[in-house]
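K.L.:
What follows is structure-v5.pdb, made up of PDB, C-alpha atoms:
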```pdb
ATOM      1  CA  MET A  25      15.931   1.238   6.766  1.00  0.00           C
ATOM      2  CA  LYS A  26      15.055   4.809   7.778  1.00  0.00           C
ATOM      3  CA  LYS A  27      18.487   5.279   9.360  1.00  0.00           C
ATOM      4  CA  SER A  28      20.174   3.927   6.216  1.00  0.00           C
ATOM      5  CA  LEU A  29      18.243   6.328   3.976  1.00  0.00           C
ATOM      6  CA  GLU A  30      19.091   9.162   6.340  1.00  0.00           C
ATOM      7  CA  ALA A  31      22.787   8.285   6.148  1.00  0.00           C
ATOM      8  CA  ILE A  32      22.700   8.251   2.340  1.00  0.00           C
ATOM      9  CA  PHE A  33      20.690  11.462   1.830  1.00  0.00           C
ATOM     10  CA  SER A  34      21.886  13.688   4.713  1.00  0.00           C
ATOM     11  CA  PRO A  35      25.182  14.739   3.059  1.00  0.00           C
ATOM     12  CA  PHE A  36      23.121  16.531   0.386  1.00  0.00           C
ATOM     13  CA  GLY A  37      21.069  18.739   2.695  1.00  0.00           C
ATOM     14  CA  GLU A  38      18.551  18.861   5.513  1.00  0.00           C
ATOM     15  CA  ILE A  39      16.035  16.010   5.570  1.00  0.00           C
ATOM     16  CA  LEU A  40      12.589  17.037   6.776  1.00  0.00           C
ATOM     17  CA  GLU A  41      10.933  13.626   6.660  1.00  0.00           C
ATOM     18  CA  ILE A  42      11.442  10.035   5.549  1.00  0.00           C
ATOM     19  CA  SER A  43       8.324   7.999   4.887  1.00  0.00           C
ATOM     20  CA  ILE A  44       8.671   4.295   4.100  1.00  0.00           C
ATOM     21  CA  LYS A  45       5.691   2.646   2.430  1.00  0.00           C
ATOM     22  CA  LYS A  46       4.763  -0.838   3.602  1.00  0.00           C
ATOM     23  CA  ASN A  47       1.473  -1.552   1.865  1.00  0.00           C
ATOM     24  CA  PHE A  48       1.371  -4.150  -0.904  1.00  0.00           C
ATOM     25  CA  LYS A  49       1.050  -1.707  -3.796  1.00  0.00           C
ATOM     26  CA  MET A  50       3.885   0.588  -2.690  1.00  0.00           C
ATOM     27  CA  ARG A  51       6.211  -1.948  -1.108  1.00  0.00           C
ATOM     28  CA  GLY A  52       9.846  -1.030  -1.625  1.00  0.00           C
ATOM     29  CA  GLN A  53       9.143   2.682  -2.005  1.00  0.00           C
ATOM     30  CA  ALA A  54      10.114   5.513   0.283  1.00  0.00           C
ATOM     31  CA  PHE A  55       9.745   9.269   0.211  1.00  0.00           C
ATOM     32  CA  VAL A  56      12.676  11.371   1.367  1.00  0.00           C
ATOM     33  CA  VAL A  57      11.640  15.003   1.823  1.00  0.00           C
ATOM     34  CA  MET A  58      14.535  17.420   1.530  1.00  0.00           C
ATOM     35  CA  LYS A  59      14.290  21.024   2.743  1.00  0.00           C
ATOM     36  CA  ASP A  60      14.897  22.510  -0.705  1.00  0.00           C
ATOM     37  CA  VAL A  61      14.812  21.482  -4.365  1.00  0.00           C
ATOM     38  CA  GLU A  62      18.547  22.084  -4.823  1.00  0.00           C
ATOM     39  CA  SER A  63      19.393  19.500  -2.138  1.00  0.00           C
ATOM     40  CA  ALA A  64      16.952  17.027  -3.656  1.00  0.00           C
ATOM     41  CA  THR A  65      18.437  17.569  -7.124  1.00  0.00           C
ATOM     42  CA  ARG A  66      22.005  17.026  -5.880  1.00  0.00           C
ATOM     43  CA  ALA A  67      20.947  13.823  -4.123  1.00  0.00           C
ATOM     44  CA  LEU A  68      19.043  12.604  -7.180  1.00  0.00           C
ATOM     45  CA  ASN A  69      22.016  13.218  -9.501  1.00  0.00           C
ATOM     46  CA  VAL A  70      24.598  11.559  -7.251  1.00  0.00           C
ATOM     47  CA  ILE A  71      22.658   8.651  -5.708  1.00  0.00           C
ATOM     48  CA  GLN A  72      20.670   7.549  -8.790  1.00  0.00           C
ATOM     49  CA  GLY A  73      21.423   3.854  -9.404  1.00  0.00           C
ATOM     50  CA  PHE A  74      23.199   3.417  -6.042  1.00  0.00           C
ATOM     51  CA  ALA A  75      23.008  -0.177  -4.731  1.00  0.00           C
ATOM     52  CA  PHE A  76      20.815  -0.188  -1.626  1.00  0.00           C
ATOM     53  CA  TYR A  77      19.835  -3.464   0.065  1.00  0.00           C
ATOM     54  CA  ASN A  78      20.739  -5.382  -3.115  1.00  0.00           C
ATOM     55  CA  LYS A  79      18.566  -3.168  -5.355  1.00  0.00           C
ATOM     56  CA  LEU A  80      19.474  -0.190  -7.484  1.00  0.00           C
ATOM     57  CA  LEU A  81      17.845   3.043  -6.368  1.00  0.00           C
ATOM     58  CA  ASP A  82      15.468   4.592  -8.894  1.00  0.00           C
ATOM     59  CA  ILE A  83      15.023   8.144  -7.636  1.00  0.00           C
ATOM     60  CA  GLN A  84      12.340  10.482  -8.954  1.00  0.00           C
ATOM     61  CA  TYR A  85      10.801  13.726  -7.818  1.00  0.00           C
ATOM     62  CA  ALA A  86       7.450  13.202  -6.074  1.00  0.00           C
ATOM     63  CA  ARG A  87       4.415  14.127  -8.184  1.00  0.00           C
ATOM     64  CA  ILE A  88       3.030  16.363  -5.443  1.00  0.00           C
ATOM     65  CA  ASP A  89       4.644  18.171  -2.537  1.00  0.00           C
ATOM     66  CA  SER A  90       4.614  16.385   0.797  1.00  0.00           C
ATOM     67  CA  ASP A  91       2.352  17.694   3.535  1.00  0.00           C
ATOM     68  CA  ILE A  92       5.349  19.013   5.461  1.00  0.00           C
ATOM     69  CA  ILE A  93       6.460  21.168   2.478  1.00  0.00           C
ATOM     70  CA  ALA A  94       2.885  22.371   1.916  1.00  0.00           C
ATOM     71  CA  LYS A  95       2.703  23.388   5.599  1.00  0.00           C
ATOM     72  CA  LEU A  96       5.988  25.294   5.357  1.00  0.00           C
ATOM     73  CA  GLU A  97       4.712  27.131   2.277  1.00  0.00           C
ATOM     74  CA  GLY A  98       1.228  27.756   3.719  1.00  0.00           C
ATOM     75  CA  ARG A  99      -0.576  25.548   1.168  1.00  0.00           C
ATOM     76  CA  TYR A 100      -1.445  22.597   3.379  1.00  0.00           C
ATOM     77  CA  GLU A 101      -5.178  23.266   3.827  1.00  0.00           C
ATOM     78  CA  GLN A 102      -5.646  23.825   0.096  1.00  0.00           C
ATOM     79  CA  GLN A 103      -3.696  20.638  -0.743  1.00  0.00           C
ATOM     80  CA  LYS A 104      -5.650  18.629   1.844  1.00  0.00           C
ATOM     81  CA  ARG A 105      -8.995  19.876   0.472  1.00  0.00           C
ATOM     82  CA  LYS A 106      -7.993  18.967  -3.085  1.00  0.00           C
ATOM     83  CA  ARG A 107      -6.897  15.478  -2.003  1.00  0.00           C
ATOM     84  CA  GLU A 108     -10.204  14.896  -0.185  1.00  0.00           C
ATOM     85  CA  GLU A 109     -12.186  16.044  -3.235  1.00  0.00           C
ATOM     86  CA  GLU A 110     -10.258  13.626  -5.449  1.00  0.00           C
ATOM     87  CA  LYS A 111     -10.870  10.790  -2.979  1.00  0.00           C
ATOM     88  CA  ALA A 112     -14.602  11.514  -3.060  1.00  0.00           C
ATOM     89  CA  VAL A 113     -14.686  10.700  -6.782  1.00  0.00           C
ATOM     90  CA  VAL A 114     -14.282   6.934  -6.611  1.00  0.00           C
ATOM     91  CA  PRO A 115     -13.286   5.412  -9.941  1.00  0.00           C
ATOM     92  CA  ILE A 116     -15.117   2.318 -11.137  1.00  0.00           C
ATOM     93  CA  VAL A 117     -12.743  -0.616 -10.980  1.00  0.00           C
ATOM     94  CA  TYR A 118     -13.236  -3.299 -13.571  1.00  0.00           C
ATOM     95  CA  GLU A 119     -11.852  -6.544 -12.266  1.00  0.00           C
ATOM     96  CA  ILE A 120     -11.447  -9.746 -14.194  1.00  0.00           C
ATOM     97  CA  PRO A 121     -13.388 -12.459 -12.325  1.00  0.00           C
ATOM     98  CA  ASN A 122     -11.329 -15.241 -10.799  1.00  0.00           C
ATOM     99  CA  ASN A 123     -12.086 -18.151  -8.485  1.00  0.00           C
ATOM    100  CA  ILE A 124      -9.308 -16.858  -6.209  1.00  0.00           C
ATOM    101  CA  LEU A 125      -9.874 -13.805  -4.026  1.00  0.00           C
ATOM    102  CA  PHE A 126      -7.145 -11.455  -2.834  1.00  0.00           C
ATOM    103  CA  ILE A 127      -7.691 -10.198   0.726  1.00  0.00           C
ATOM    104  CA  GLN A 128      -5.951  -7.048   2.013  1.00  0.00           C
ATOM    105  CA  ASN A 129      -5.838  -5.103   5.280  1.00  0.00           C
ATOM    106  CA  LEU A 130      -6.063  -8.157   7.509  1.00  0.00           C
ATOM    107  CA  PRO A 131      -5.439  -7.685  11.233  1.00  0.00           C
ATOM    108  CA  SER A 132      -2.030  -8.961  12.347  1.00  0.00           C
ATOM    109  CA  ASP A 133      -3.638 -11.756  14.375  1.00  0.00           C
ATOM    110  CA  ALA A 134      -5.596 -13.213  11.420  1.00  0.00           C
ATOM    111  CA  THR A 135      -5.108 -16.964  11.060  1.00  0.00           C
ATOM    112  CA  THR A 136      -5.970 -19.626   8.507  1.00  0.00           C
ATOM    113  CA  GLN A 137      -8.646 -20.822  10.918  1.00  0.00           C
ATOM    114  CA  SER A 138     -10.257 -17.392  11.442  1.00  0.00           C
ATOM    115  CA  LEU A 139     -10.313 -16.722   7.689  1.00  0.00           C
ATOM    116  CA  SER A 140     -11.687 -20.200   6.959  1.00  0.00           C
ATOM    117  CA  SER A 141     -14.501 -19.625   9.454  1.00  0.00           C
ATOM    118  CA  LEU A 142     -15.390 -16.354   7.755  1.00  0.00           C
ATOM    119  CA  PHE A 143     -15.158 -17.437   4.103  1.00  0.00           C
ATOM    120  CA  GLN A 144     -16.549 -20.981   4.360  1.00  0.00           C
ATOM    121  CA  GLN A 145     -19.977 -19.479   5.032  1.00  0.00           C
ATOM    122  CA  TYR A 146     -20.196 -19.116   1.256  1.00  0.00           C
ATOM    123  CA  PRO A 147     -20.638 -22.114  -1.084  1.00  0.00           C
ATOM    124  CA  GLY A 148     -17.655 -23.482  -2.987  1.00  0.00           C
ATOM    125  CA  PHE A 149     -15.002 -22.524  -0.417  1.00  0.00           C
ATOM    126  CA  LYS A 150     -11.799 -24.543  -0.986  1.00  0.00           C
ATOM    127  CA  GLU A 151      -8.887 -23.080   0.981  1.00  0.00           C
ATOM    128  CA  VAL A 152      -7.086 -20.149   2.595  1.00  0.00           C
ATOM    129  CA  ARG A 153      -3.497 -19.344   1.665  1.00  0.00           C
ATOM    130  CA  LEU A 154      -1.613 -16.937   3.912  1.00  0.00           C
ATOM    131  CA  VAL A 155       1.455 -15.203   2.500  1.00  0.00           C
ATOM    132  CA  PRO A 156       4.602 -15.886   4.568  1.00  0.00           C
ATOM    133  CA  GLY A 157       6.069 -12.664   5.920  1.00  0.00           C
ATOM    134  CA  LYS A 158       2.971 -10.623   4.965  1.00  0.00           C
ATOM    135  CA  LYS A 159       0.428 -10.828   7.768  1.00  0.00           C
ATOM    136  CA  ASP A 160      -1.985  -8.343   6.178  1.00  0.00           C
ATOM    137  CA  ILE A 161      -2.811 -10.270   2.971  1.00  0.00           C
ATOM    138  CA  ALA A 162      -4.178 -13.688   2.005  1.00  0.00           C
ATOM    139  CA  PHE A 163      -5.680 -15.606  -0.902  1.00  0.00           C
ATOM    140  CA  ILE A 164      -8.995 -17.456  -0.651  1.00  0.00           C
ATOM    141  CA  GLU A 165      -9.884 -20.070  -3.263  1.00  0.00           C
ATOM    142  CA  TYR A 166     -13.386 -21.073  -4.355  1.00  0.00           C
ATOM    143  CA  GLU A 167     -14.487 -23.742  -6.822  1.00  0.00           C
ATOM    144  CA  THR A 168     -15.900 -21.252  -9.349  1.00  0.00           C
ATOM    145  CA  GLU A 169     -15.610 -17.576 -10.245  1.00  0.00           C
ATOM    146  CA  GLN A 170     -19.312 -17.093  -9.477  1.00  0.00           C
ATOM    147  CA  GLN A 171     -18.959 -18.491  -5.962  1.00  0.00           C
ATOM    148  CA  ALA A 172     -15.902 -16.305  -5.363  1.00  0.00           C
ATOM    149  CA  GLY A 173     -17.890 -13.311  -6.631  1.00  0.00           C
ATOM    150  CA  ILE A 174     -20.673 -13.920  -4.107  1.00  0.00           C
ATOM    151  CA  ALA A 175     -18.182 -14.087  -1.219  1.00  0.00           C
ATOM    152  CA  LYS A 176     -16.360 -11.002  -2.544  1.00  0.00           C
ATOM    153  CA  GLN A 177     -19.537  -8.973  -2.683  1.00  0.00           C
ATOM    154  CA  ALA A 178     -20.623 -10.081   0.786  1.00  0.00           C
ATOM    155  CA  LEU A 179     -17.302  -9.644   2.604  1.00  0.00           C
ATOM    156  CA  ASN A 180     -15.610  -6.660   0.947  1.00  0.00           C
ATOM    157  CA  GLY A 181     -15.375  -4.035   3.691  1.00  0.00           C
ATOM    158  CA  TYR A 182     -16.092  -6.565   6.459  1.00  0.00           C
ATOM    159  CA  GLN A 183     -14.794  -5.217   9.769  1.00  0.00           C
ATOM    160  CA  MET A 184     -12.471  -7.967  11.080  1.00  0.00           C
ATOM    161  CA  SER A 185     -11.211  -5.837  13.948  1.00  0.00           C
ATOM    162  CA  GLU A 186     -11.724  -2.349  15.289  1.00  0.00           C
ATOM    163  CA  SER A 187      -9.182  -0.924  12.852  1.00  0.00           C
ATOM    164  CA  ASN A 188      -9.289  -3.430   9.979  1.00  0.00           C
ATOM    165  CA  ALA A 189     -12.007  -3.424   7.330  1.00  0.00           C
ATOM    166  CA  ILE A 190     -10.807  -6.002   4.812  1.00  0.00           C
ATOM    167  CA  LYS A 191     -10.600  -5.297   1.104  1.00  0.00           C
ATOM    168  CA  VAL A 192     -11.675  -8.245  -1.043  1.00  0.00           C
ATOM    169  CA  THR A 193     -10.874  -8.276  -4.769  1.00  0.00           C
ATOM    170  CA  PHE A 194     -10.407 -10.900  -7.452  1.00  0.00           C
ATOM    171  CA  ALA A 195      -6.788 -12.053  -7.590  1.00  0.00           C
ATOM    172  CA  LYS A 196      -5.007 -11.168 -10.822  1.00  0.00           C
ATOM    173  CA  LYS A 197      -4.823 -14.054 -13.266  1.00  0.00           C
TER
END
```
Can you give me the file's structure in the form of structure tokens?

P.N.:
Amino acid sequence: MKKSLEAIFSPFGEILEISIKKNFKMRGQAFVVMKDVESATRALNVIQGFAFYNKLLDIQYARIDSDIIAKLEGRYEQQKRKREEEKAVVPIVYEIPNNILFIQNLPSDATTQSLSSLFQQYPGFKEVRLVPGKKDIAFIEYETEQQAGIAKQALNGYQMSESNAIKVTFAKK
């Protein structure tokens, strides 16, 4: 996909970086960093709505400059500090309780059996549902919302592997 994006955007100017997002929330999004605003504007005007892998491109300017642009302009340290300060202020997330939990950041070798072993420690466990083609997410069902809430509280942030602390939230209804 990176090569395809490069082929589409390179006629409009120098590409500094292409970053393709793979996490659940940003799936289907990519950031193409052009060397200058004029090149980005030309690309945006010409390619907007272009059919790409059976979807129409919806191109927008990024809300903040990429790290590579900030480095070129000598603002990287300031931008990094600001981002870290914003991360430190964790918003309170109000979730609607559900008897189904949504699990994210699973290690690639997670199986139905390994997840069952972990989640069946808590009362009311019913089943694990893996998502085909998405090895890093799963759904865990409990009999009641309260039972799911107990498991959520206990296992959110559980370190399943050296690099994978799972995120456990209520699935959206």

K.L.:
Counting only C-alpha atoms, what are the residues of range 65-157 of chain A within 10 Å of range 46-54 of chain A, and for each of them which pair of atoms is the nearest and at what distance in Å, to one decimal? Sort the table by chain and rising number, as CSV.

P.N.:
```
residue,atom,partner,partner_atom,distance
A:Lys79,CA,A:Gly52,CA,9.7
A:Leu81,CA,A:Gln53,CA,9.7
A:Asp82,CA,A:Gln53,CA,9.5
A:Ile83,CA,A:Ala54,CA,9.7
A:Gln128,CA,A:Phe48,CA,8.4
A:Asn129,CA,A:Asn47,CA,8.8
```

K.L.:
In terms of the shortest atom-to-atom distance over all atoms listed in the file, which of A:Ala75, A:Ala178, A:Ile127, A:Ala162 is closest to Gln145 in chain A?

P.N.:
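For Gln145 in chain A, the nearest of the candidates is A:Ala178.
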
K.L.:
Which residues are near Arg153 in chain A? Cut-off 8 Å, only C-alpha atoms, ignore same chain within fewer than 5 positions. Put them as an MDAnalysis selection string.

P.N.:
chainID A and resid 136 162:164

K.L.:
Just so the selection is clear, what residues does the PyMOL selection byres ((chain A and resi 191) around 8) cover here, as a list in words?

P.N.:
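Evaluating the PyMOL selection byres ((chain A and resi 191) around 8) on this file yields Ile127, Gln128, Asn129, Asn180, Gly181, Tyr182, Ala189, Ile190, Val192 and Thr193 of chain A.
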
K.L.:
Expand the PyMOL selection byres ((chain A and resi 171) around 12) into the individual residues it matches in the shown file, reporting them as a list in words.

P.N.:
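On this input, the PyMOL selection byres ((chain A and resi 171) around 12) captures Pro121, Asn122, Asn123, Ile124, Leu125, Phe143, Gln144, Gln145, Tyr146, Pro147, Gly148, Phe149, Lys150, Ile164, Glu165, Tyr166, Glu167, Thr168, Glu169, Gln170, Ala172, Gly173, Ile174, Ala175, Lys176, Gln177, Ala178 and Phe194 of chain A.
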